Amino acid sequence: MGRFDQAKMLLKIKKMQKELQKQVITVVAGDGAVKVEITGEQKIKKIHIDPEYVDLDDIGMLERWVEEAVKDAIQQSQKLAAEKMQPFMGVLSELGL
């Protein structure tokens with residue numbers, strides 16, 4: 001692959017990374033008690049907890065819902081990133097990235 005082609009491919013990859021930054025995945029756990037928003041780059045944008053679901057006598061349940069939502073959000077974000085970057089994987093390995 002020539003240098004020009006490599007430069008073009010790197011520009012496409014950077015564009016894809018910017019698209020992943022803009023994409024937001026929303027995950028809900030605990031029947032709406034917890035909502036997590038995460039970007040395609042696995043950066044958490046927001047965690048919302050509905051006060052109606054907060055039971056001070058059972059904080060452990062709320063913690064499990066938060067943990068479940070965050071894990072699911074990260075997993076979905078990783079899957080999205082992998083799907084978007086799949087076409088570039090062969091080229092990235094050729095470039096040593």
# chains A, B, ... in the order shown; residues from 1 in each chain; ligands from 1
call {"tool": "select_by_dssp", "arguments": {"residues": "chain A", "states": "strand (DSSP E)", "output": "ChimeraX atom specification"}}
result
/A:24-29,34-39,44-49
call {"tool": "residues_around", "arguments": {"residues": "region 33-48 of chain A", "least_positions_apart": "6", "cutoff": "6 Å", "atoms": "only C-alpha atoms", "output": "list in words"}}
result
Leu20, Gln21, Gln23, Val24, Ile25, Thr26, Val27, Ile74, Ser77 and Ala81 of chain A
call {"tool": "closest_residue", "arguments": {"among": "A:Phe88, A:Asp57, A:Gln78, A:Gly30", "to": "Lys8 (chain A)", "atoms": "only C-alpha atoms"}}
result
A:Phe88
call {"tool": "atom_distance", "arguments": {"atom1": "CA of Lys14 (chain A)", "atom2": "CA of Asp72 (chain A)"}}
result
25.7 Å
call {"tool": "select_by_dssp", "arguments": {"residues": "chain A", "states": "helix (DSSP H, G or I)", "output": "PDB file with N, CA and C atoms, in the first residue's frame"}}
result
ATOM      1  N   ARG A   3       2.058   5.301   0.202  1.00  0.00           N
ATOM      2  CA  ARG A   3       1.914   6.304   1.266  1.00  0.00           C
ATOM      3  C   ARG A   3       0.627   7.106   1.106  1.00  0.00           C
ATOM      4  N   PHE A   4       0.267   7.421  -0.122  1.00  0.00           N
ATOM      5  CA  PHE A   4      -0.962   8.180  -0.366  1.00  0.00           C
ATOM      6  C   PHE A   4      -2.181   7.377   0.096  1.00  0.00           C
ATOM      7  N   ASP A   5      -2.179   6.083  -0.245  1.00  0.00           N
ATOM      8  CA  ASP A   5      -3.277   5.208   0.168  1.00  0.00           C
ATOM      9  C   ASP A   5      -3.333   5.090   1.690  1.00  0.00           C
ATOM     10  N   GLN A   6      -2.165   5.006   2.316  1.00  0.00           N
ATOM     11  CA  GLN A   6      -2.121   4.933   3.780  1.00  0.00           C
ATOM     12  C   GLN A   6      -2.702   6.200   4.401  1.00  0.00           C
ATOM     13  N   ALA A   7      -2.339   7.336   3.841  1.00  0.00           N
ATOM     14  CA  ALA A   7      -2.843   8.614   4.360  1.00  0.00           C
ATOM     15  C   ALA A   7      -4.361   8.698   4.200  1.00  0.00           C
ATOM     16  N   LYS A   8      -4.861   8.256   3.047  1.00  0.00           N
ATOM     17  CA  LYS A   8      -6.307   8.255   2.817  1.00  0.00           C
ATOM     18  C   LYS A   8      -7.011   7.343   3.819  1.00  0.00           C
ATOM     19  N   MET A   9      -6.429   6.182   4.062  1.00  0.00           N
ATOM     20  CA  MET A   9      -7.025   5.226   4.989  1.00  0.00           C
ATOM     21  C   MET A   9      -7.027   5.786   6.409  1.00  0.00           C
ATOM     22  N   LEU A  10      -5.934   6.423   6.801  1.00  0.00           N
ATOM     23  CA  LEU A  10      -5.873   7.025   8.140  1.00  0.00           C
ATOM     24  C   LEU A  10      -6.912   8.132   8.291  1.00  0.00           C
ATOM     25  N   LEU A  11      -7.147   8.895   7.239  1.00  0.00           N
ATOM     26  CA  LEU A  11      -8.189   9.927   7.295  1.00  0.00           C
ATOM     27  C   LEU A  11      -9.574   9.295   7.467  1.00  0.00           C
ATOM     28  N   LYS A  12      -9.805   8.190   6.773  1.00  0.00           N
ATOM     29  CA  LYS A  12     -11.088   7.491   6.913  1.00  0.00           C
ATOM     30  C   LYS A  12     -11.265   6.957   8.330  1.00  0.00           C
ATOM     31  N   ILE A  13     -10.188   6.440   8.900  1.00  0.00           N
ATOM     32  CA  ILE A  13     -10.243   5.900  10.259  1.00  0.00           C
ATOM     33  C   ILE A  13     -10.522   7.022  11.257  1.00  0.00           C
ATOM     34  N   LYS A  14      -9.870   8.172  11.076  1.00  0.00           N
ATOM     35  CA  LYS A  14     -10.112   9.302  11.979  1.00  0.00           C
ATOM     36  C   LYS A  14     -11.563   9.789  11.864  1.00  0.00           C
ATOM     37  N   LYS A  15     -12.087   9.755  10.656  1.00  0.00           N
ATOM     38  CA  LYS A  15     -13.478  10.142  10.460  1.00  0.00           C
ATOM     39  C   LYS A  15     -14.404   9.173  11.192  1.00  0.00           C
ATOM     40  N   MET A  16     -14.100   7.887  11.105  1.00  0.00           N
ATOM     41  CA  MET A  16     -14.903   6.872  11.789  1.00  0.00           C
ATOM     42  C   MET A  16     -14.830   7.076  13.307  1.00  0.00           C
ATOM     43  N   GLN A  17     -13.653   7.412  13.810  1.00  0.00           N
ATOM     44  CA  GLN A  17     -13.502   7.652  15.243  1.00  0.00           C
ATOM     45  C   GLN A  17     -14.354   8.839  15.689  1.00  0.00           C
ATOM     46  N   LYS A  18     -14.407   9.883  14.869  1.00  0.00           N
ATOM     47  CA  LYS A  18     -15.250  11.036  15.197  1.00  0.00           C
ATOM     48  C   LYS A  18     -16.728  10.652  15.197  1.00  0.00           C
ATOM     49  N   GLU A  19     -17.109   9.786  14.259  1.00  0.00           N
ATOM     50  CA  GLU A  19     -18.493   9.318  14.230  1.00  0.00           C
ATOM     51  C   GLU A  19     -18.813   8.532  15.496  1.00  0.00           C
ATOM     52  N   LEU A  20     -17.861   7.708  15.952  1.00  0.00           N
ATOM     53  CA  LEU A  20     -18.068   6.939  17.176  1.00  0.00           C
ATOM     54  C   LEU A  20     -18.196   7.858  18.391  1.00  0.00           C
ATOM     55  N   GLN A  21     -17.463   8.976  18.378  1.00  0.00           N
ATOM     56  CA  GLN A  21     -17.568   9.948  19.471  1.00  0.00           C
ATOM     57  C   GLN A  21     -18.983  10.514  19.555  1.00  0.00           C
ATOM     58  N   LYS A  22     -19.605  10.707  18.395  1.00  0.00           N
ATOM     59  CA  LYS A  22     -20.920  11.335  18.344  1.00  0.00           C
ATOM     60  C   LYS A  22     -22.056  10.359  18.644  1.00  0.00           C
ATOM     61  N   PRO A  51     -35.215   8.760  41.160  1.00  0.00           N
ATOM     62  CA  PRO A  51     -35.351   8.780  42.620  1.00  0.00           C
ATOM     63  C   PRO A  51     -36.494   7.886  43.134  1.00  0.00           C
ATOM     64  N   GLU A  52     -37.483   7.639  42.311  1.00  0.00           N
ATOM     65  CA  GLU A  52     -38.600   6.791  42.740  1.00  0.00           C
ATOM     66  C   GLU A  52     -38.144   5.368  43.055  1.00  0.00           C
ATOM     67  N   TYR A  53     -37.041   4.952  42.471  1.00  0.00           N
ATOM     68  CA  TYR A  53     -36.548   3.597  42.664  1.00  0.00           C
ATOM     69  C   TYR A  53     -35.527   3.490  43.792  1.00  0.00           C
ATOM     70  N   LEU A  56     -33.585   3.322  50.372  1.00  0.00           N
ATOM     71  CA  LEU A  56     -32.431   3.450  51.263  1.00  0.00           C
ATOM     72  C   LEU A  56     -32.168   2.174  52.062  1.00  0.00           C
ATOM     73  N   ASP A  57     -33.183   1.327  52.176  1.00  0.00           N
ATOM     74  CA  ASP A  57     -33.002   0.069  52.889  1.00  0.00           C
ATOM     75  C   ASP A  57     -32.396  -1.016  51.989  1.00  0.00           C
ATOM     76  N   ASP A  58     -32.313  -0.748  50.686  1.00  0.00           N
ATOM     77  CA  ASP A  58     -31.765  -1.731  49.753  1.00  0.00           C
ATOM     78  C   ASP A  58     -30.909  -1.038  48.690  1.00  0.00           C
ATOM     79  N   ILE A  59     -29.901  -0.341  49.136  1.00  0.00           N
ATOM     80  CA  ILE A  59     -28.979   0.344  48.211  1.00  0.00           C
ATOM     81  C   ILE A  59     -28.252  -0.677  47.339  1.00  0.00           C
ATOM     82  N   GLY A  60     -28.062  -1.878  47.856  1.00  0.00           N
ATOM     83  CA  GLY A  60     -27.384  -2.933  47.097  1.00  0.00           C
ATOM     84  C   GLY A  60     -28.069  -3.203  45.766  1.00  0.00           C
ATOM     85  N   MET A  61     -29.395  -3.164  45.743  1.00  0.00           N
ATOM     86  CA  MET A  61     -30.127  -3.397  44.497  1.00  0.00           C
ATOM     87  C   MET A  61     -29.827  -2.282  43.493  1.00  0.00           C
ATOM     88  N   LEU A  62     -29.830  -1.052  43.961  1.00  0.00           N
ATOM     89  CA  LEU A  62     -29.524   0.082  43.093  1.00  0.00           C
ATOM     90  C   LEU A  62     -28.103  -0.039  42.547  1.00  0.00           C
ATOM     91  N   GLU A  63     -27.179  -0.431  43.411  1.00  0.00           N
ATOM     92  CA  GLU A  63     -25.798  -0.609  42.958  1.00  0.00           C
ATOM     93  C   GLU A  63     -25.709  -1.690  41.877  1.00  0.00           C
ATOM     94  N   ARG A  64     -26.435  -2.776  42.035  1.00  0.00           N
ATOM     95  CA  ARG A  64     -26.426  -3.840  41.026  1.00  0.00           C
ATOM     96  C   ARG A  64     -27.000  -3.339  39.711  1.00  0.00           C
ATOM     97  N   TRP A  65     -28.065  -2.541  39.780  1.00  0.00           N
ATOM     98  CA  TRP A  65     -28.651  -1.991  38.557  1.00  0.00           C
ATOM     99  C   TRP A  65     -27.654  -1.078  37.841  1.00  0.00           C
ATOM    100  N   VAL A  66     -26.954  -0.236  38.616  1.00  0.00           N
ATOM    101  CA  VAL A  66     -25.955   0.666  38.011  1.00  0.00           C
ATOM    102  C   VAL A  66     -24.848  -0.167  37.369  1.00  0.00           C
ATOM    103  N   GLU A  67     -24.364  -1.160  38.105  1.00  0.00           N
ATOM    104  CA  GLU A  67     -23.303  -2.017  37.570  1.00  0.00           C
ATOM    105  C   GLU A  67     -23.766  -2.727  36.304  1.00  0.00           C
ATOM    106  N   GLU A  68     -24.962  -3.265  36.335  1.00  0.00           N
ATOM    107  CA  GLU A  68     -25.509  -3.970  35.175  1.00  0.00           C
ATOM    108  C   GLU A  68     -25.628  -3.039  33.975  1.00  0.00           C
ATOM    109  N   ALA A  69     -26.138  -1.835  34.196  1.00  0.00           N
ATOM    110  CA  ALA A  69     -26.315  -0.876  33.099  1.00  0.00           C
ATOM    111  C   ALA A  69     -24.967  -0.448  32.518  1.00  0.00           C
ATOM    112  N   VAL A  70     -23.993  -0.189  33.371  1.00  0.00           N
ATOM    113  CA  VAL A  70     -22.673   0.238  32.893  1.00  0.00           C
ATOM    114  C   VAL A  70     -21.998  -0.879  32.103  1.00  0.00           C
ATOM    115  N   LYS A  71     -22.043  -2.103  32.628  1.00  0.00           N
ATOM    116  CA  LYS A  71     -21.435  -3.228  31.908  1.00  0.00           C
ATOM    117  C   LYS A  71     -22.091  -3.425  30.546  1.00  0.00           C
ATOM    118  N   ASP A  72     -23.423  -3.367  30.517  1.00  0.00           N
ATOM    119  CA  ASP A  72     -24.142  -3.554  29.259  1.00  0.00           C
ATOM    120  C   ASP A  72     -23.815  -2.427  28.279  1.00  0.00           C
ATOM    121  N   ALA A  73     -23.755  -1.198  28.791  1.00  0.00           N
ATOM    122  CA  ALA A  73     -23.444  -0.058  27.929  1.00  0.00           C
ATOM    123  C   ALA A  73     -22.054  -0.196  27.319  1.00  0.00           C
ATOM    124  N   ILE A  74     -21.086  -0.578  28.134  1.00  0.00           N
ATOM    125  CA  ILE A  74     -19.719  -0.754  27.632  1.00  0.00           C
ATOM    126  C   ILE A  74     -19.680  -1.858  26.583  1.00  0.00           C
ATOM    127  N   GLN A  75     -20.362  -2.956  26.862  1.00  0.00           N
ATOM    128  CA  GLN A  75     -20.386  -4.068  25.915  1.00  0.00           C
ATOM    129  C   GLN A  75     -21.004  -3.645  24.582  1.00  0.00           C
ATOM    130  N   GLN A  76     -22.128  -2.929  24.638  1.00  0.00           N
ATOM    131  CA  GLN A  76     -22.772  -2.481  23.397  1.00  0.00           C
ATOM    132  C   GLN A  76     -21.889  -1.487  22.642  1.00  0.00           C
ATOM    133  N   SER A  77     -21.213  -0.619  23.392  1.00  0.00           N
ATOM    134  CA  SER A  77     -20.324   0.356  22.774  1.00  0.00           C
ATOM    135  C   SER A  77     -19.139  -0.326  22.100  1.00  0.00           C
ATOM    136  N   GLN A  78     -18.576  -1.321  22.756  1.00  0.00           N
ATOM    137  CA  GLN A  78     -17.460  -2.069  22.168  1.00  0.00           C
ATOM    138  C   GLN A  78     -17.902  -2.795  20.902  1.00  0.00           C
ATOM    139  N   LYS A  79     -19.089  -3.365  20.947  1.00  0.00           N
ATOM    140  CA  LYS A  79     -19.615  -4.070  19.782  1.00  0.00           C
ATOM    141  C   LYS A  79     -19.801  -3.105  18.614  1.00  0.00           C
ATOM    142  N   LEU A  80     -20.358  -1.929  18.899  1.00  0.00           N
ATOM    143  CA  LEU A  80     -20.553  -0.920  17.858  1.00  0.00           C
ATOM    144  C   LEU A  80     -19.213  -0.508  17.252  1.00  0.00           C
ATOM    145  N   ALA A  81     -18.238  -0.236  18.105  1.00  0.00           N
ATOM    146  CA  ALA A  81     -16.920   0.175  17.619  1.00  0.00           C
ATOM    147  C   ALA A  81     -16.287  -0.922  16.761  1.00  0.00           C
ATOM    148  N   ALA A  82     -16.415  -2.164  17.213  1.00  0.00           N
ATOM    149  CA  ALA A  82     -15.835  -3.277  16.452  1.00  0.00           C
ATOM    150  C   ALA A  82     -16.502  -3.404  15.080  1.00  0.00           C
ATOM    151  N   GLU A  83     -17.823  -3.245  15.047  1.00  0.00           N
ATOM    152  CA  GLU A  83     -18.536  -3.329  13.769  1.00  0.00           C
ATOM    153  C   GLU A  83     -18.114  -2.209  12.827  1.00  0.00           C
ATOM    154  N   LYS A  84     -17.974  -0.998  13.359  1.00  0.00           N
ATOM    155  CA  LYS A  84     -17.609   0.146  12.518  1.00  0.00           C
ATOM    156  C   LYS A  84     -16.165   0.050  12.029  1.00  0.00           C
ATOM    157  N   MET A  85     -15.282  -0.506  12.848  1.00  0.00           N
ATOM    158  CA  MET A  85     -13.861  -0.552  12.505  1.00  0.00           C
ATOM    159  C   MET A  85     -13.482  -1.817  11.737  1.00  0.00           C
ATOM    160  N   GLN A  86     -14.372  -2.791  11.661  1.00  0.00           N
ATOM    161  CA  GLN A  86     -14.085  -4.062  11.002  1.00  0.00           C
ATOM    162  C   GLN A  86     -13.485  -3.892   9.598  1.00  0.00           C
ATOM    163  N   PRO A  87     -14.060  -3.023   8.762  1.00  0.00           N
ATOM    164  CA  PRO A  87     -13.496  -2.888   7.407  1.00  0.00           C
ATOM    165  C   PRO A  87     -12.040  -2.394   7.378  1.00  0.00           C
ATOM    166  N   PHE A  88     -11.590  -1.808   8.477  1.00  0.00           N
ATOM    167  CA  PHE A  88     -10.246  -1.230   8.507  1.00  0.00           C
ATOM    168  C   PHE A  88      -9.222  -2.127   9.194  1.00  0.00           C
ATOM    169  N   MET A  89      -9.643  -3.235   9.779  1.00  0.00           N
ATOM    170  CA  MET A  89      -8.738  -4.039  10.593  1.00  0.00           C
ATOM    171  C   MET A  89      -7.543  -4.577   9.810  1.00  0.00           C
ATOM    172  N   GLY A  90      -7.761  -5.051   8.608  1.00  0.00           N
ATOM    173  CA  GLY A  90      -6.639  -5.552   7.807  1.00  0.00           C
ATOM    174  C   GLY A  90      -5.640  -4.466   7.497  1.00  0.00           C
ATOM    175  N   VAL A  91      -6.131  -3.303   7.169  1.00  0.00           N
ATOM    176  CA  VAL A  91      -5.255  -2.181   6.830  1.00  0.00           C
ATOM    177  C   VAL A  91      -4.494  -1.715   8.067  1.00  0.00           C
ATOM    178  N   LEU A  92      -5.153  -1.693   9.218  1.00  0.00           N
ATOM    179  CA  LEU A  92      -4.488  -1.260  10.444  1.00  0.00           C
ATOM    180  C   LEU A  92      -3.321  -2.181  10.780  1.00  0.00           C
ATOM    181  N   SER A  93      -3.513  -3.473  10.593  1.00  0.00           N
ATOM    182  CA  SER A  93      -2.421  -4.406  10.892  1.00  0.00           C
ATOM    183  C   SER A  93      -1.255  -4.204   9.913  1.00  0.00           C
ATOM    184  N   GLU A  94      -1.587  -3.890   8.672  1.00  0.00           N
ATOM    185  CA  GLU A  94      -0.525  -3.616   7.687  1.00  0.00           C
ATOM    186  C   GLU A  94       0.270  -2.367   8.066  1.00  0.00           C
TER     187      GLU A  94
END
